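S.K.: For reference, the file query16.csv (CSV, N, CA and C atoms) is included below:
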chain,number,residue,atom,x,y,z
A,1,MET,N,-28.9,10.3,-20.6
A,1,MET,CA,-29.0,11.0,-19.4
A,1,MET,C,-27.9,10.4,-18.4
A,2,LYS,N,-27.1,11.2,-17.8
A,2,LYS,CA,-26.1,10.8,-16.9
A,2,LYS,C,-26.7,10.4,-15.5
A,3,HIS,N,-26.3,9.1,-15.1
A,3,HIS,CA,-26.8,8.6,-13.8
A,3,HIS,C,-25.6,8.2,-13.0
A,4,ARG,N,-25.5,8.8,-11.8
A,4,ARG,CA,-24.5,8.4,-10.9
A,4,ARG,C,-24.8,7.1,-10.3
A,5,LEU,N,-23.9,6.1,-10.3
A,5,LEU,CA,-24.2,4.7,-9.9
A,5,LEU,C,-23.3,4.3,-8.7
A,6,LEU,N,-22.2,5.0,-8.5
A,6,LEU,CA,-21.3,4.6,-7.4
A,6,LEU,C,-20.5,5.8,-6.9
A,7,THR,N,-20.3,5.8,-5.6
A,7,THR,CA,-19.4,6.8,-5.0
A,7,THR,C,-18.4,6.1,-4.0
A,8,GLU,N,-17.2,6.4,-4.1
A,8,GLU,CA,-16.1,5.8,-3.3
A,8,GLU,C,-15.3,7.0,-2.6
A,9,PHE,N,-14.8,6.7,-1.4
A,9,PHE,CA,-14.0,7.7,-0.7
A,9,PHE,C,-12.6,7.2,-0.3
A,10,GLY,N,-11.7,8.1,-0.2
A,10,GLY,CA,-10.3,7.7,0.2
A,10,GLY,C,-9.6,8.8,0.8
A,11,MET,N,-8.5,8.4,1.5
A,11,MET,CA,-7.6,9.4,2.2
A,11,MET,C,-6.2,9.0,1.9
A,12,GLY,N,-5.4,10.0,1.7
A,12,GLY,CA,-3.9,9.8,1.5
A,12,GLY,C,-3.1,10.9,2.2
A,13,SER,N,-1.8,10.6,2.4
A,13,SER,CA,-1.0,11.5,3.1
A,13,SER,C,0.4,11.6,2.4
A,14,SER,N,1.0,12.8,2.7
A,14,SER,CA,2.4,13.0,2.3
A,14,SER,C,3.1,13.3,3.6
A,15,LEU,N,3.9,12.4,4.2
A,15,LEU,CA,4.4,12.6,5.5
A,15,LEU,C,5.4,13.7,5.7
A,16,ARG,N,6.3,13.8,4.7
A,16,ARG,CA,7.4,14.8,4.9
A,16,ARG,C,7.7,15.7,3.7
A,17,ARG,N,7.2,15.3,2.5
A,17,ARG,CA,7.7,15.9,1.3
A,17,ARG,C,6.8,17.2,0.9
A,18,LEU,N,5.8,17.5,1.6
A,18,LEU,CA,4.9,18.6,1.3
A,18,LEU,C,4.4,18.5,-0.2
A,19,ASP,N,4.0,17.2,-0.5
A,19,ASP,CA,3.6,16.9,-1.9
A,19,ASP,C,2.1,16.7,-1.9
A,20,TYR,N,1.3,17.7,-2.3
A,20,TYR,CA,-0.1,17.6,-2.4
A,20,TYR,C,-0.6,16.6,-3.5
A,21,THR,N,0.1,16.5,-4.6
A,21,THR,CA,-0.3,15.6,-5.6
A,21,THR,C,-0.1,14.2,-5.2
A,22,ALA,N,1.0,13.9,-4.5
A,22,ALA,CA,1.3,12.5,-4.0
A,22,ALA,C,0.2,12.1,-3.0
A,23,ALA,N,-0.1,13.0,-2.1
A,23,ALA,CA,-1.2,12.7,-1.1
A,23,ALA,C,-2.5,12.5,-1.7
A,24,SER,N,-2.8,13.3,-2.8
A,24,SER,CA,-4.1,13.1,-3.5
A,24,SER,C,-4.1,11.8,-4.3
A,25,GLU,N,-2.9,11.4,-4.9
A,25,GLU,CA,-2.8,10.1,-5.6
A,25,GLU,C,-3.1,8.9,-4.6
A,26,LYS,N,-2.5,9.0,-3.4
A,26,LYS,CA,-2.7,8.0,-2.4
A,26,LYS,C,-4.2,7.9,-2.0
A,27,ALA,N,-4.8,9.0,-1.9
A,27,ALA,CA,-6.3,9.1,-1.6
A,27,ALA,C,-7.1,8.4,-2.7
A,28,LEU,N,-6.8,8.7,-4.0
A,28,LEU,CA,-7.5,8.0,-5.1
A,28,LEU,C,-7.3,6.5,-5.0
A,29,LYS,N,-6.0,6.1,-4.8
A,29,LYS,CA,-5.8,4.6,-4.8
A,29,LYS,C,-6.4,4.0,-3.6
A,30,ASP,N,-6.5,4.7,-2.5
A,30,ASP,CA,-7.2,4.2,-1.3
A,30,ASP,C,-8.7,3.9,-1.7
A,31,ALA,N,-9.3,4.8,-2.4
A,31,ALA,CA,-10.7,4.7,-2.8
A,31,ALA,C,-10.9,3.5,-3.8
A,32,LEU,N,-10.0,3.5,-4.8
A,32,LEU,CA,-10.1,2.5,-5.9
A,32,LEU,C,-9.7,1.1,-5.4
A,33,TRP,N,-8.7,0.9,-4.7
A,33,TRP,CA,-8.2,-0.4,-4.4
A,33,TRP,C,-9.0,-1.2,-3.4
A,34,HIS,N,-10.1,-0.6,-2.9
A,34,HIS,CA,-10.9,-1.3,-1.9
A,34,HIS,C,-12.1,-2.1,-2.6
A,35,ASN,N,-12.1,-2.0,-3.9
A,35,ASN,CA,-13.2,-2.7,-4.6
A,35,ASN,C,-12.8,-3.1,-6.0
A,36,SER,N,-13.6,-4.0,-6.5
A,36,SER,CA,-13.5,-4.4,-7.9
A,36,SER,C,-14.9,-4.5,-8.4
A,37,ILE,N,-15.4,-3.5,-9.1
A,37,ILE,CA,-16.8,-3.4,-9.5
A,37,ILE,C,-16.8,-3.4,-11.0
A,38,ASN,N,-17.4,-4.3,-11.6
A,38,ASN,CA,-17.6,-4.3,-13.1
A,38,ASN,C,-18.8,-3.6,-13.5
A,39,LEU,N,-18.9,-2.3,-13.1
A,39,LEU,CA,-20.1,-1.5,-13.3
A,39,LEU,C,-20.5,-1.4,-14.8
A,40,ALA,N,-19.6,-1.1,-15.6
A,40,ALA,CA,-20.0,-0.8,-17.0
A,40,ALA,C,-20.6,-2.1,-17.7
A,41,GLU,N,-20.0,-3.2,-17.4
A,41,GLU,CA,-20.4,-4.5,-18.0
A,41,GLU,C,-21.8,-4.9,-17.5
A,42,LEU,N,-22.2,-4.5,-16.3
A,42,LEU,CA,-23.5,-4.8,-15.8
A,42,LEU,C,-24.6,-4.1,-16.6
A,43,PHE,N,-24.2,-3.0,-17.2
A,43,PHE,CA,-25.2,-2.2,-18.1
A,43,PHE,C,-25.0,-2.4,-19.5
A,44,GLY,N,-24.1,-3.4,-19.9
A,44,GLY,CA,-23.8,-3.6,-21.3
A,44,GLY,C,-23.0,-2.5,-22.0
A,45,LYS,N,-22.2,-1.8,-21.2
A,45,LYS,CA,-21.4,-0.7,-21.7
A,45,LYS,C,-19.9,-1.1,-21.7
A,46,ASP,N,-19.1,-0.3,-22.4
A,46,ASP,CA,-17.6,-0.5,-22.3
A,46,ASP,C,-17.1,0.3,-21.1
A,47,LYS,N,-15.9,-0.1,-20.6
A,47,LYS,CA,-15.3,0.6,-19.5
A,47,LYS,C,-15.0,2.0,-19.8
A,48,GLU,N,-14.7,2.3,-21.1
A,48,GLU,CA,-14.4,3.7,-21.5
A,48,GLU,C,-15.7,4.5,-21.4
A,49,ASP,N,-16.8,4.0,-21.4
A,49,ASP,CA,-18.1,4.7,-21.3
A,49,ASP,C,-18.3,5.3,-19.9
A,50,MET,N,-17.6,4.8,-18.9
A,50,MET,CA,-17.7,5.3,-17.5
A,50,MET,C,-17.3,6.7,-17.4
A,51,ILE,N,-18.1,7.5,-16.8
A,51,ILE,CA,-17.8,8.9,-16.5
A,51,ILE,C,-17.4,9.0,-15.1
A,52,ILE,N,-16.1,9.3,-14.9
A,52,ILE,CA,-15.5,9.3,-13.5
A,52,ILE,C,-15.2,10.7,-13.1
A,53,ASP,N,-16.0,11.2,-12.1
A,53,ASP,CA,-15.8,12.6,-11.6
A,53,ASP,C,-15.2,12.5,-10.3
A,54,VAL,N,-14.0,13.1,-10.1
A,54,VAL,CA,-13.2,13.0,-8.9
A,54,VAL,C,-13.2,14.4,-8.3
A,55,GLU,N,-13.3,14.4,-7.0
A,55,GLU,CA,-13.1,15.6,-6.2
A,55,GLU,C,-12.0,15.3,-5.2
A,56,ILE,N,-11.0,16.3,-5.1
A,56,ILE,CA,-9.9,16.2,-4.2
A,56,ILE,C,-10.0,17.4,-3.3
A,57,ALA,N,-9.8,17.1,-2.0
A,57,ALA,CA,-9.8,18.2,-1.0
A,57,ALA,C,-8.4,18.2,-0.3
A,58,CYS,N,-7.8,19.3,-0.3
A,58,CYS,CA,-6.5,19.5,0.5
A,58,CYS,C,-6.3,20.9,0.8
A,59,GLN,N,-5.3,21.2,1.6
A,59,GLN,CA,-5.1,22.6,2.0
A,59,GLN,C,-4.5,23.5,0.9
A,60,ALA,N,-4.0,22.9,-0.1
A,60,ALA,CA,-3.4,23.7,-1.3
A,60,ALA,C,-3.9,23.1,-2.6
A,61,PRO,N,-5.2,23.3,-2.9
A,61,PRO,CA,-5.8,22.7,-4.1
A,61,PRO,C,-5.1,23.1,-5.4
A,62,ASP,N,-4.5,24.3,-5.5
A,62,ASP,CA,-3.8,24.7,-6.7
A,62,ASP,C,-2.5,24.0,-6.9
A,63,ALA,N,-2.0,23.3,-5.8
A,63,ALA,CA,-0.7,22.6,-5.9
A,63,ALA,C,-0.9,21.2,-6.4
A,64,VAL,N,-2.1,20.7,-6.7
A,64,VAL,CA,-2.4,19.4,-7.1
A,64,VAL,C,-2.3,19.3,-8.7
A,65,ASP,N,-1.5,18.4,-9.2
A,65,ASP,CA,-1.3,18.2,-10.6
A,65,ASP,C,-2.4,17.2,-11.1
A,66,THR,N,-3.6,17.7,-11.5
A,66,THR,CA,-4.7,16.9,-11.9
A,66,THR,C,-4.4,16.0,-13.1
A,67,GLU,N,-3.6,16.5,-14.0
A,67,GLU,CA,-3.2,15.7,-15.2
A,67,GLU,C,-2.5,14.4,-14.7
A,68,ARG,N,-1.6,14.5,-13.8
A,68,ARG,CA,-0.9,13.4,-13.2
A,68,ARG,C,-1.9,12.4,-12.6
A,69,LEU,N,-2.8,12.9,-11.9
A,69,LEU,CA,-3.8,12.1,-11.2
A,69,LEU,C,-4.6,11.3,-12.2
A,70,LYS,N,-4.9,11.8,-13.3
A,70,LYS,CA,-5.7,11.1,-14.3
A,70,LYS,C,-5.0,9.7,-14.7
A,71,SER,N,-3.7,9.7,-14.6
A,71,SER,CA,-3.0,8.4,-15.0
A,71,SER,C,-3.3,7.3,-14.0
A,72,VAL,N,-3.9,7.6,-12.9
A,72,VAL,CA,-4.3,6.5,-11.9
A,72,VAL,C,-5.3,5.6,-12.5
A,73,PHE,N,-6.2,6.2,-13.4
A,73,PHE,CA,-7.3,5.4,-13.9
A,73,PHE,C,-7.0,4.8,-15.2
A,74,PRO,N,-7.2,3.4,-15.3
A,74,PRO,CA,-6.9,2.7,-16.5
A,74,PRO,C,-7.9,3.0,-17.7
A,75,TYR,N,-9.0,3.5,-17.4
A,75,TYR,CA,-10.1,3.7,-18.4
A,75,TYR,C,-11.1,4.7,-17.8
A,76,GLY,N,-12.0,5.1,-18.7
A,76,GLY,CA,-13.1,6.0,-18.3
A,76,GLY,C,-12.8,7.4,-18.8
A,77,GLN,N,-13.8,8.2,-18.6
A,77,GLN,CA,-13.7,9.7,-19.0
A,77,GLN,C,-13.5,10.4,-17.6
A,78,ILE,N,-12.3,10.9,-17.4
A,78,ILE,CA,-11.9,11.4,-16.1
A,78,ILE,C,-12.0,12.9,-16.0
A,79,ASN,N,-12.7,13.4,-15.0
A,79,ASN,CA,-12.8,14.8,-14.7
A,79,ASN,C,-12.4,15.0,-13.2
A,80,ILE,N,-11.4,15.9,-13.0
A,80,ILE,CA,-10.9,16.1,-11.6
A,80,ILE,C,-11.1,17.5,-11.3
A,81,THR,N,-11.7,17.8,-10.1
A,81,THR,CA,-11.7,19.1,-9.5
A,81,THR,C,-11.1,19.1,-8.1
A,82,THR,N,-10.5,20.2,-7.7
A,82,THR,CA,-9.9,20.3,-6.4
A,82,THR,C,-10.6,21.4,-5.6
A,83,HIS,N,-10.6,21.1,-4.3
A,83,HIS,CA,-11.2,22.0,-3.3
A,83,HIS,C,-10.4,22.2,-2.1
A,84,HIS,N,-10.6,23.3,-1.4
A,84,HIS,CA,-9.9,23.5,-0.1
A,84,HIS,C,-10.5,22.5,0.9
A,85,GLY,N,-9.6,21.8,1.6
A,85,GLY,CA,-10.1,20.9,2.6
A,85,GLY,C,-8.9,20.1,3.1
A,86,GLY,N,-9.1,18.9,3.5
A,86,GLY,CA,-8.0,18.1,4.0
A,86,GLY,C,-7.4,18.7,5.3
A,87,LEU,N,-6.2,18.4,5.5
A,87,LEU,CA,-5.5,18.9,6.8
A,87,LEU,C,-4.0,18.9,6.6
A,88,ASP,N,-3.4,19.9,7.0
A,88,ASP,CA,-1.9,20.0,7.2
A,88,ASP,C,-1.6,19.9,8.7
A,89,ILE,N,-0.8,18.9,9.0
A,89,ILE,CA,-0.6,18.7,10.5
A,89,ILE,C,0.9,19.2,10.7
A,90,PRO,N,1.1,20.3,11.5
A,90,PRO,CA,2.4,20.7,11.7
A,90,PRO,C,3.2,19.8,12.6
A,91,ARG,N,4.5,19.8,12.4
A,91,ARG,CA,5.4,19.0,13.2
A,91,ARG,C,5.8,19.8,14.5
A,92,PRO,N,6.1,19.1,15.6
A,92,PRO,CA,6.5,19.8,16.8
A,92,PRO,C,7.8,20.6,16.4
A,93,GLU,N,8.0,21.7,17.1
A,93,GLU,CA,9.1,22.6,16.9
A,93,GLU,C,10.4,21.8,16.9
A,94,ALA,N,10.6,20.9,17.8
A,94,ALA,CA,11.8,20.2,18.0
A,94,ALA,C,12.1,19.2,16.7
A,95,ALA,N,11.0,18.8,16.1
A,95,ALA,CA,11.1,17.8,15.0
A,95,ALA,C,11.5,18.6,13.7
A,96,GLY,N,11.0,19.8,13.6
A,96,GLY,CA,11.2,20.6,12.4
A,96,GLY,C,10.6,20.0,11.2
A,97,GLY,N,11.0,20.5,10.0
A,97,GLY,CA,10.5,19.9,8.8
A,97,GLY,C,9.1,20.3,8.4
A,98,ASN,N,8.7,19.8,7.3
A,98,ASN,CA,7.4,20.1,6.7
A,98,ASN,C,6.2,19.4,7.4
A,99,PRO,N,5.0,20.0,7.3
A,99,PRO,CA,3.9,19.3,7.9
A,99,PRO,C,3.5,18.1,7.2
A,100,THR,N,2.8,17.2,7.9
A,100,THR,CA,2.2,16.0,7.2
A,100,THR,C,0.9,16.5,6.5
A,101,ILE,N,0.7,16.1,5.3
A,101,ILE,CA,-0.4,16.6,4.5
A,101,ILE,C,-1.4,15.4,4.4
A,102,MET,N,-2.7,15.7,4.6
A,102,MET,CA,-3.8,14.7,4.4
A,102,MET,C,-4.7,15.3,3.3
A,103,ALA,N,-4.9,14.4,2.3
A,103,ALA,CA,-5.8,14.8,1.2
A,103,ALA,C,-7.0,13.8,1.2
A,104,HIS,N,-8.1,14.2,0.8
A,104,HIS,CA,-9.3,13.4,0.7
A,104,HIS,C,-9.8,13.3,-0.7
A,105,ALA,N,-10.3,12.1,-1.1
A,105,ALA,CA,-10.8,12.0,-2.5
A,105,ALA,C,-12.2,11.4,-2.5
A,106,VAL,N,-13.0,11.8,-3.4
A,106,VAL,CA,-14.3,11.3,-3.7
A,106,VAL,C,-14.3,10.9,-5.2
A,107,ILE,N,-14.8,9.7,-5.5
A,107,ILE,CA,-14.9,9.3,-6.8
A,107,ILE,C,-16.3,8.9,-7.1
A,108,HIS,N,-16.9,9.6,-8.1
A,108,HIS,CA,-18.3,9.3,-8.5
A,108,HIS,C,-18.2,8.6,-9.9
A,109,VAL,N,-18.8,7.5,-10.0
A,109,VAL,CA,-18.9,6.8,-11.3
A,109,VAL,C,-20.3,6.9,-11.9
A,110,SER,N,-20.4,7.3,-13.1
A,110,SER,CA,-21.7,7.5,-13.8
A,110,SER,C,-21.7,6.8,-15.2
A,111,LEU,N,-22.8,6.6,-15.7
A,111,LEU,CA,-23.0,6.2,-17.1
A,111,LEU,C,-24.1,6.9,-17.7
A,112,GLU,N,-24.0,7.1,-19.0
A,112,GLU,CA,-25.2,7.6,-19.8
A,112,GLU,C,-26.1,6.5,-20.0
A,113,LEU,N,-27.3,6.6,-19.4
A,113,LEU,CA,-28.3,5.6,-19.5
A,113,LEU,C,-29.7,6.2,-19.9
A,114,GLU,N,-30.4,5.4,-20.7
A,114,GLU,CA,-31.8,5.8,-21.0
A,114,GLU,C,-32.7,5.5,-19.8
A,115,ARG,N,-33.7,6.4,-19.6
A,115,ARG,CA,-34.6,6.2,-18.5
A,115,ARG,C,-35.6,5.1,-19.0
A,116,ALA,N,-35.9,4.2,-18.1
A,116,ALA,CA,-36.8,3.1,-18.4
A,116,ALA,C,-38.2,3.7,-18.4
A,117,ALA,N,-39.0,3.2,-19.4
A,117,ALA,CA,-40.4,3.7,-19.5
A,117,ALA,C,-41.3,3.1,-18.5
Once you've parsed the file, please lay out its structure as structure tokens.
M.R.:
Amino acid sequence: MKHRLLTEFGMGSSLRRLDYTAASEKALKDALWHNSINLAELFGKDKEDMIIDVEIACQAPDAVDTERLKSVFPYGQINITTHHGGLDIPRPEAAGGNPTIMAHAVIHVSLELERAA
């Protein structure tokens, strides 16, 4: 039975390149790099047993390369979904150029565990 054991949050941006994947990757790293949790080992499991469900929110969810984002994770069973959200911040007229993109990430880590009797 799948049990969610951990949830982490992150935010990332692409300042000028209009790159939703880069902003999403920064959001993932923001969530991951704030901790060092040996969750699998605590339950006698391998790191590959971790089920990692990722949700990315940005203004152009279809522009996110989810396969590229999977490479952020060194192990685990990675599932990534994208949703509309985040924020595109337009530049002032005088500055011109692309808007700043903000993407948000949520990482849920689960394991298949038997229910205690």
S.K.: With distances taken over only N, CA and C atoms, which of A:Ala57, A:Val109, A:Leu18, A:Leu28 is nearest to His83 in chain A?
M.R.: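 Closest to His83 in chain A, using only N, CA and C atoms: A:Ala57.
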S.K.: May I ask for the distance between atom C of Ala23 in chain A and atom C of Met102 in chain A, given in Å to one decimal place?
M.R.: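 Separating atom C of Ala23 in chain A from atom C of Met102 in chain A is a distance of 6.1 Å.
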S.K.: Need to verify the contact set: range 6-12 of chain A, 8 Å, only N, CA and C atoms, exclusion of same-chain residues closer than 4 positions in sequence. Can you return it as a PyMOL selection string?
M.R.: chain A and resi 22-32+101-111
S.K.: Give me, as a PyMOL selection string, the residues of chain A that a backbone DSSP run labels alpha helix (DSSP H).
M.R.: chain A and resi 20-32+39-42+66-70
S.K.: Which neighbours of Thr66 in chain A fall inside 8 Å, counting all atoms listed in the file, when residues of the same chain fewer than 3 positions from it are skipped, and could you give them as a PyMOL selection string?
M.R.: chain A and resi 21+62-63+69-71+80-82
S.K.: Have a look at atom N of Val72 in chain A and atom C of Ile52 in chain A and let me know their distance in Å, one decimal.
M.R.: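 These atoms are spaced 11.7 Å apart.
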S.K.: If I take CA of Ala60 in chain A and CA of Ile78 in chain A, how far is one from the other in Å, to one decimal?
M.R.: 21.0 Å
S.K.: Which of these residues is nearest to His84 in chain A, using only C-alpha atoms: A:Glu41, A:Glu67, A:Glu55, A:Asp46?
M.R.: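 Using only C-alpha atoms, the shortest distance to His84 in chain A belongs to A:Glu55.
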S.K.: Between A:Glu114, A:Cys58, A:Arg68, A:Glu48, which residue has the minimum interatomic distance to Asp88 in chain A, considering only N, CA and C atoms?
M.R.: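 For Asp88 in chain A, the nearest of the candidates is A:Cys58.
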S.K.: Restricting the calculation to all atoms listed in the file, which member of A:Gly85, A:Pro92, A:Leu113, A:Ser14 is positioned closest to Gln59 in chain A?
M.R.: A:Gly85
S.K.: Can you tell me, as JSON, numbers by chain, which residues in chain A count as strand (DSSP E or B) by DSSP?
M.R.: {"A": [2, 3, 4, 5, 6, 7, 8, 9, 10, 11, 12, 13, 14, 51, 52, 53, 54, 55, 56, 57, 58, 77, 78, 79, 80, 81, 82, 83, 84, 87, 88, 89, 100, 101, 102, 103, 104, 105, 106, 107, 108, 109, 110, 111, 112]}
S.K.: Neighbours of Arg16 in chain A within 6.5 Å (all atoms listed in the file; same-chain residues fewer than 4 positions away dropped), as a list in words?
M.R.: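 Within the cut-off, the hits are Asn98, Pro99, Thr100 and Ile101 of chain A.
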